[in-house]
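Q: Below you'll find my_file.cif; it's mmCIF, C-alpha atoms.
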data_entry
#
loop_
_atom_site.label_atom_id
_atom_site.label_comp_id
_atom_site.auth_asym_id
_atom_site.auth_seq_id
_atom_site.Cartn_x
_atom_site.Cartn_y
_atom_site.Cartn_z
CA MET X 427 -11.54 5.95 -31.01
CA VAL X 428 -10.38 2.58 -32.30
CA ARG X 429 -6.67 1.99 -32.19
CA ASN X 430 -4.88 0.16 -34.95
CA ALA X 431 -3.51 -3.08 -33.50
CA GLU X 432 -0.22 -2.56 -35.35
CA GLN X 433 0.46 0.87 -33.84
CA PRO X 434 1.88 0.93 -30.32
CA SER X 435 0.00 2.86 -27.69
CA GLN X 436 1.24 6.38 -26.96
CA ALA X 437 0.50 5.92 -23.25
CA PRO X 438 3.55 4.99 -21.18
CA ASP X 439 3.46 1.75 -19.21
CA ARG X 440 2.15 1.99 -15.66
CA GLY X 441 5.09 2.72 -13.38
CA ALA X 442 7.46 3.69 -16.21
CA SER X 443 7.88 7.18 -14.75
CA LEU X 444 9.13 5.53 -11.55
CA GLY X 445 11.53 3.22 -13.35
CA LEU X 446 9.39 0.16 -12.53
CA PRO X 447 8.68 -2.73 -14.91
CA ALA X 448 5.28 -2.86 -16.63
CA SER X 449 4.46 -6.31 -15.23
CA GLY X 450 5.79 -9.04 -12.99
CA PRO X 451 7.78 -8.69 -9.75
CA GLY X 452 8.56 -5.06 -8.95
CA SER X 453 5.68 -3.70 -11.02
CA LEU X 454 3.00 -1.55 -9.43
CA ALA X 455 0.36 -3.60 -7.62
CA PRO X 456 -3.17 -3.26 -9.01
CA PHE X 457 -5.87 -1.53 -6.95
CA SER X 458 -7.70 -4.81 -6.28
CA ARG X 459 -4.67 -6.34 -4.55
CA ARG X 460 -3.95 -3.19 -2.57
CA ALA X 461 -7.59 -3.02 -1.44
CA GLY X 462 -7.50 -6.70 -0.49
CA GLY X 463 -4.36 -6.15 1.57
CA PHE X 464 -6.00 -3.21 3.34
CA VAL X 465 -9.06 -5.32 4.18
CA VAL X 466 -6.87 -8.11 5.61
CA ASP X 467 -4.98 -5.58 7.75
CA ALA X 468 -8.18 -3.83 8.90
CA LEU X 469 -9.95 -7.07 9.82
CA GLY X 470 -6.85 -8.46 11.54
CA THR X 471 -6.41 -5.37 13.69
CA ALA X 472 -10.12 -5.32 14.52
CA LEU X 473 -9.84 -8.94 15.72
CA ILE X 474 -6.78 -8.09 17.81
CA GLY X 475 -8.62 -5.11 19.30
CA TRP X 476 -11.68 -7.22 20.00
CA ALA X 477 -9.55 -9.82 21.80
CA PHE X 478 -8.55 -7.13 24.31
CA THR X 479 -11.94 -5.42 24.65
CA ALA X 480 -14.39 -8.34 24.46
CA PRO X 481 -17.28 -8.59 25.03
CA ASP X 482 -17.41 -4.93 23.92
CA GLY X 483 -16.35 -3.95 20.43
CA PRO X 484 -12.83 -2.59 19.87
CA GLY X 485 -14.00 0.91 18.91
CA ASN X 486 -11.07 3.20 18.14
CA TRP X 487 -8.60 0.70 19.60
CA SER X 488 -8.61 -1.16 16.29
CA LEU X 489 -7.52 2.07 14.55
CA VAL X 490 -4.67 2.56 17.04
CA ILE X 491 -3.60 -1.07 16.58
CA PHE X 492 -3.84 -0.66 12.78
CA GLY X 493 -1.51 2.36 12.93
CA VAL X 494 1.07 0.73 15.19
CA LEU X 495 1.03 -2.62 13.35
CA THR X 496 1.34 -0.95 9.95
CA VAL X 497 4.24 1.31 10.94
CA VAL X 498 6.16 -1.46 12.73
CA THR X 499 5.75 -4.07 9.98
CA LEU X 500 6.60 -1.60 7.19
CA VAL X 501 9.79 -0.48 8.94
CA LEU X 502 10.88 -3.99 9.95
CA PHE X 503 9.74 -6.08 6.97
CA GLY X 504 8.76 -3.65 4.19
CA GLN X 505 5.26 -5.11 4.06
CA THR X 506 2.16 -5.44 6.21
CA PRO X 507 0.47 -8.79 6.86
CA GLY X 508 -2.10 -7.85 4.18
CA HIS X 509 0.68 -7.08 1.70
CA ARG X 510 2.23 -10.47 2.48
CA VAL X 511 -1.05 -12.34 1.91
CA PHE X 512 -1.54 -10.66 -1.47
CA GLY X 513 2.10 -10.91 -2.62
CA MET X 514 3.06 -7.25 -2.35
CA ARG X 515 5.68 -5.10 -0.67
CA LEU X 516 6.41 -1.42 -0.28
CA ALA X 517 9.05 -0.12 -2.67
CA HIS X 518 11.40 2.40 -1.13
CA PRO X 519 12.98 5.32 -3.01
CA ALA X 520 16.43 3.87 -2.29
CA PRO X 521 16.41 0.19 -3.36
CA GLY X 522 17.62 -2.18 -0.65
CA ALA X 523 17.26 0.41 2.12
CA ARG X 524 14.94 0.02 5.08
CA LEU X 525 11.93 2.35 5.10
CA ALA X 526 12.55 5.44 7.25
CA LEU X 527 10.30 5.74 10.29
CA TRP X 528 8.98 9.14 9.19
CA ARG X 529 7.87 7.73 5.83
CA ALA X 530 6.04 4.86 7.53
CA VAL X 531 4.33 7.18 10.03
CA VAL X 532 3.23 9.77 7.44
CA ARG X 533 2.10 7.11 4.97
CA THR X 534 0.12 5.24 7.64
CA ALA X 535 -1.49 8.41 9.04
CA LEU X 536 -2.71 9.35 5.56
CA LEU X 537 -3.86 5.80 4.88
CA MET X 538 -5.88 5.84 8.10
CA LEU X 539 -7.79 8.84 6.70
CA LEU X 540 -8.64 6.59 3.71
CA VAL X 541 -9.44 9.45 1.30
CA PRO X 542 -5.77 10.15 0.37
CA ALA X 543 -5.42 6.50 -0.66
CA LEU X 544 -8.26 7.00 -3.13
CA LEU X 545 -6.71 10.11 -4.74
CA VAL X 546 -4.59 8.30 -7.32
CA ASP X 547 -2.33 9.47 -10.12
CA ALA X 548 -1.97 8.02 -13.63
CA ASP X 549 0.13 5.17 -12.19
CA GLY X 550 -2.55 4.33 -9.61
CA ARG X 551 -0.44 5.49 -6.64
CA GLY X 552 -2.39 7.08 -3.82
CA LEU X 553 -1.56 10.46 -2.32
CA HIS X 554 -0.07 8.74 0.73
CA ASP X 555 2.48 6.97 -1.51
CA ARG X 556 3.25 10.04 -3.63
CA LEU X 557 3.95 12.22 -0.58
CA THR X 558 6.31 9.65 0.94
CA GLY X 559 8.02 8.61 -2.30
CA THR X 560 6.90 5.00 -2.01
CA ALA X 561 4.92 2.57 -4.14
CA VAL X 562 3.20 -0.76 -3.48
CA VAL X 563 4.68 -3.30 -5.89
CA LEU X 564 4.28 -6.98 -6.60
CA ASP X 565 6.70 -9.17 -4.66
#
Can you present the structure in this file as structure tokens?
A:
Amino acid sequence: MVRNAEQPSQAPDRGASLGLPASGPGSLAPFSRRAGGFVVDALGTALIGWAFTAPDGPGNWSLVIFGVLTVVTLVLFGQTPGHRVFGMRLAHPAPGARLALWRAVVRTALLMLLVPALLVDADGRGLHDRLTGTAVVLD
């Protein structure tokens, strides 16, 4: 179906249901940035794990480090190192409030399973964000 350029789209802007802007700071981060942030965090924690287990590989220690690092940085700073590198932060349901520990733990546990992060809604938010009432937004 070809849309007439003069008629506005009937689809709401991404993030409109959450009260977020369609673009710019505070808008939902695209999947490519979120995936890039995850890769930075995963590689960083693998390197930290390897530093403690060398010459052997880090094995599951990198997963433990990933969980701890993610929870601590989200609660303290509202973003992981990967979020920081890609210009993102975690939006909290109450603007200006620090992320509750339970939200960070549940979100991180689901993220570590990976599949919930891939089950996205129309806004592109993963199951781990929907269940904790959070969203990854541009900083």
Q: Go through X:Asp439, X:Leu553, X:Ala523, X:Leu564 and flag the residue nearest Ser453 (chain X), using all atoms listed in the file for the distances.
A: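 With all atoms listed in the file as the atom set, the closest residue is X:Leu564.
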Q: Residues near His554 (chain X), anyone? I mean within 12 Å using all atoms listed in the file, not counting same-chain ones fewer than 3 positions away, as a PDB file with C-alpha atoms, in the coordinates of the input.
A:
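Writing done, so here's result_14.pdb:
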ATOM      1  CA  ARG X 529       7.870   7.730   5.830  1.00  0.00           C
ATOM      2  CA  ALA X 530       6.040   4.860   7.530  1.00  0.00           C
ATOM      3  CA  VAL X 531       4.330   7.180  10.030  1.00  0.00           C
ATOM      4  CA  VAL X 532       3.230   9.770   7.440  1.00  0.00           C
ATOM      5  CA  ARG X 533       2.100   7.110   4.970  1.00  0.00           C
ATOM      6  CA  THR X 534       0.120   5.240   7.640  1.00  0.00           C
ATOM      7  CA  ALA X 535      -1.490   8.410   9.040  1.00  0.00           C
ATOM      8  CA  LEU X 536      -2.710   9.350   5.560  1.00  0.00           C
ATOM      9  CA  LEU X 537      -3.860   5.800   4.880  1.00  0.00           C
ATOM     10  CA  MET X 538      -5.880   5.840   8.100  1.00  0.00           C
ATOM     11  CA  LEU X 539      -7.790   8.840   6.700  1.00  0.00           C
ATOM     12  CA  LEU X 540      -8.640   6.590   3.710  1.00  0.00           C
ATOM     13  CA  VAL X 541      -9.440   9.450   1.300  1.00  0.00           C
ATOM     14  CA  PRO X 542      -5.770  10.150   0.370  1.00  0.00           C
ATOM     15  CA  ALA X 543      -5.420   6.500  -0.660  1.00  0.00           C
ATOM     16  CA  LEU X 544      -8.260   7.000  -3.130  1.00  0.00           C
ATOM     17  CA  LEU X 545      -6.710  10.110  -4.740  1.00  0.00           C
ATOM     18  CA  VAL X 546      -4.590   8.300  -7.320  1.00  0.00           C
ATOM     19  CA  ASP X 547      -2.330   9.470 -10.120  1.00  0.00           C
ATOM     20  CA  GLY X 550      -2.550   4.330  -9.610  1.00  0.00           C
ATOM     21  CA  ARG X 551      -0.440   5.490  -6.640  1.00  0.00           C
ATOM     22  CA  LEU X 557       3.950  12.220  -0.580  1.00  0.00           C
ATOM     23  CA  THR X 558       6.310   9.650   0.940  1.00  0.00           C
ATOM     24  CA  GLY X 559       8.020   8.610  -2.300  1.00  0.00           C
ATOM     25  CA  THR X 560       6.900   5.000  -2.010  1.00  0.00           C
ATOM     26  CA  ALA X 561       4.920   2.570  -4.140  1.00  0.00           C
ATOM     27  CA  VAL X 562       3.200  -0.760  -3.480  1.00  0.00           C
TER      28      VAL X 562
END
Q: Evaluate the PyMOL selection byres ((chain X and resi 462) around 12) and record the selected residues as number ranges by chain, following the chain and residue labels used in the document.
A: X: 455-461, 463-469, 506-514
Q: Next, write the just-selected residues to a file, as a CSV table (one decimal), keeping the file's coordinate frame, keeping C-alpha atoms as the atom set.
A:
chain,number,residue,atom,x,y,z
X,455,ALA,CA,0.4,-3.6,-7.6
X,456,PRO,CA,-3.2,-3.3,-9.0
X,457,PHE,CA,-5.9,-1.5,-7.0
X,458,SER,CA,-7.7,-4.8,-6.3
X,459,ARG,CA,-4.7,-6.3,-4.6
X,460,ARG,CA,-4.0,-3.2,-2.6
X,461,ALA,CA,-7.6,-3.0,-1.4
X,463,GLY,CA,-4.4,-6.2,1.6
X,464,PHE,CA,-6.0,-3.2,3.3
X,465,VAL,CA,-9.1,-5.3,4.2
X,466,VAL,CA,-6.9,-8.1,5.6
X,467,ASP,CA,-5.0,-5.6,7.8
X,468,ALA,CA,-8.2,-3.8,8.9
X,469,LEU,CA,-10.0,-7.1,9.8
X,506,THR,CA,2.2,-5.4,6.2
X,507,PRO,CA,0.5,-8.8,6.9
X,508,GLY,CA,-2.1,-7.8,4.2
X,509,HIS,CA,0.7,-7.1,1.7
X,510,ARG,CA,2.2,-10.5,2.5
X,511,VAL,CA,-1.0,-12.3,1.9
X,512,PHE,CA,-1.5,-10.7,-1.5
X,513,GLY,CA,2.1,-10.9,-2.6
X,514,MET,CA,3.1,-7.2,-2.4
Q: For Leu525 (chain X), work out the shell of residues within 9 Å, counting only C-alpha atoms and skipping chain neighbours fewer than 4 positions away, then give it as a VMD selection string.
A: chain X and resid 500 to 504 516 to 520 529 to 530
Q: Please measure the separation of CA of Val490 (chain X) and CA of Leu527 (chain X), giving the value in Å to one decimal.
A: 16.7 Å
Q: Expanded to explicit residues, what is the PyMOL selection byres ((chain X and resi 473) around 12) for this file, as a PyMOL selection string?
A: chain X and resi 466-472+474-485+487-489+491-492
Q: Have a look at CA of Thr496 (chain X) and CA of Pro451 (chain X) and let me know their distance in Å, one decimal.
A: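 So the answer is 22.1 Å.
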Q: When you count all atoms listed in the file, which of these residues is closest to Ala526 (chain X): X:Val498, X:Asp565, X:Gly445, X:Leu454?
A: X:Val498
Q: Which residue is closest to Ala448 (chain X)? Choose from X:Val497, X:Asp555, X:Asp549, X:Arg524 and count all atoms listed in the file.
A: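 Checking each of X:Val497, X:Asp555, X:Asp549, X:Arg524 against Ala448 (chain X), counting all atoms listed in the file, the winner is X:Asp549.
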Q: Just add N, CA and C atoms to region 494-510 of chain X and send it as a PDB file, in the frame of the given file.
A:
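Output below, filename out20.pdb:
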ATOM      1  N   VAL X 494      -0.173   1.266  14.613  1.00  0.00           N
ATOM      2  CA  VAL X 494       1.070   0.730  15.190  1.00  0.00           C
ATOM      3  C   VAL X 494       1.549  -0.482  14.388  1.00  0.00           C
ATOM      4  N   LEU X 495       0.647  -1.414  14.098  1.00  0.00           N
ATOM      5  CA  LEU X 495       1.030  -2.620  13.350  1.00  0.00           C
ATOM      6  C   LEU X 495       1.561  -2.269  11.967  1.00  0.00           C
ATOM      7  N   THR X 496       0.915  -1.337  11.295  1.00  0.00           N
ATOM      8  CA  THR X 496       1.340  -0.950   9.950  1.00  0.00           C
ATOM      9  C   THR X 496       2.721  -0.314   9.980  1.00  0.00           C
ATOM     10  N   VAL X 497       2.940   0.641  10.872  1.00  0.00           N
ATOM     11  CA  VAL X 497       4.240   1.310  10.940  1.00  0.00           C
ATOM     12  C   VAL X 497       5.348   0.308  11.283  1.00  0.00           C
ATOM     13  N   VAL X 498       5.124  -0.512  12.290  1.00  0.00           N
ATOM     14  CA  VAL X 498       6.160  -1.460  12.730  1.00  0.00           C
ATOM     15  C   VAL X 498       6.484  -2.466  11.633  1.00  0.00           C
ATOM     16  N   THR X 499       5.474  -3.048  10.997  1.00  0.00           N
ATOM     17  CA  THR X 499       5.750  -4.070   9.980  1.00  0.00           C
ATOM     18  C   THR X 499       6.366  -3.461   8.715  1.00  0.00           C
ATOM     19  N   LEU X 500       5.983  -2.231   8.366  1.00  0.00           N
ATOM     20  CA  LEU X 500       6.600  -1.600   7.190  1.00  0.00           C
ATOM     21  C   LEU X 500       8.071  -1.294   7.440  1.00  0.00           C
ATOM     22  N   VAL X 501       8.397  -0.800   8.636  1.00  0.00           N
ATOM     23  CA  VAL X 501       9.790  -0.480   8.940  1.00  0.00           C
ATOM     24  C   VAL X 501      10.634  -1.748   9.053  1.00  0.00           C
ATOM     25  N   LEU X 502      10.098  -2.767   9.726  1.00  0.00           N
ATOM     26  CA  LEU X 502      10.880  -3.990   9.950  1.00  0.00           C
ATOM     27  C   LEU X 502      10.949  -4.908   8.728  1.00  0.00           C
ATOM     28  N   PHE X 503       9.816  -5.079   8.042  1.00  0.00           N
ATOM     29  CA  PHE X 503       9.740  -6.080   6.970  1.00  0.00           C
ATOM     30  C   PHE X 503       9.468  -5.520   5.583  1.00  0.00           C
ATOM     31  N   GLY X 504       9.075  -4.237   5.488  1.00  0.00           N
ATOM     32  CA  GLY X 504       8.760  -3.650   4.190  1.00  0.00           C
ATOM     33  C   GLY X 504       7.409  -4.058   3.649  1.00  0.00           C
ATOM     34  N   GLN X 505       6.605  -4.705   4.475  1.00  0.00           N
ATOM     35  CA  GLN X 505       5.260  -5.110   4.060  1.00  0.00           C
ATOM     36  C   GLN X 505       4.402  -5.362   5.292  1.00  0.00           C
ATOM     37  N   THR X 506       3.110  -5.138   5.145  1.00  0.00           N
ATOM     38  CA  THR X 506       2.160  -5.440   6.210  1.00  0.00           C
ATOM     39  C   THR X 506       1.704  -6.885   6.053  1.00  0.00           C
ATOM     40  N   PRO X 507       1.008  -7.438   7.043  1.00  0.00           N
ATOM     41  CA  PRO X 507       0.470  -8.790   6.860  1.00  0.00           C
ATOM     42  C   PRO X 507      -0.435  -8.885   5.618  1.00  0.00           C
ATOM     43  N   GLY X 508      -1.242  -7.859   5.375  1.00  0.00           N
ATOM     44  CA  GLY X 508      -2.100  -7.850   4.180  1.00  0.00           C
ATOM     45  C   GLY X 508      -1.303  -7.838   2.894  1.00  0.00           C
ATOM     46  N   HIS X 509      -0.211  -7.076   2.875  1.00  0.00           N
ATOM     47  CA  HIS X 509       0.680  -7.080   1.700  1.00  0.00           C
ATOM     48  C   HIS X 509       1.229  -8.488   1.476  1.00  0.00           C
ATOM     49  N   ARG X 510       1.645  -9.116   2.559  1.00  0.00           N
ATOM     50  CA  ARG X 510       2.230 -10.470   2.480  1.00  0.00           C
ATOM     51  C   ARG X 510       1.234 -11.467   1.879  1.00  0.00           C
TER      52      ARG X 510
END
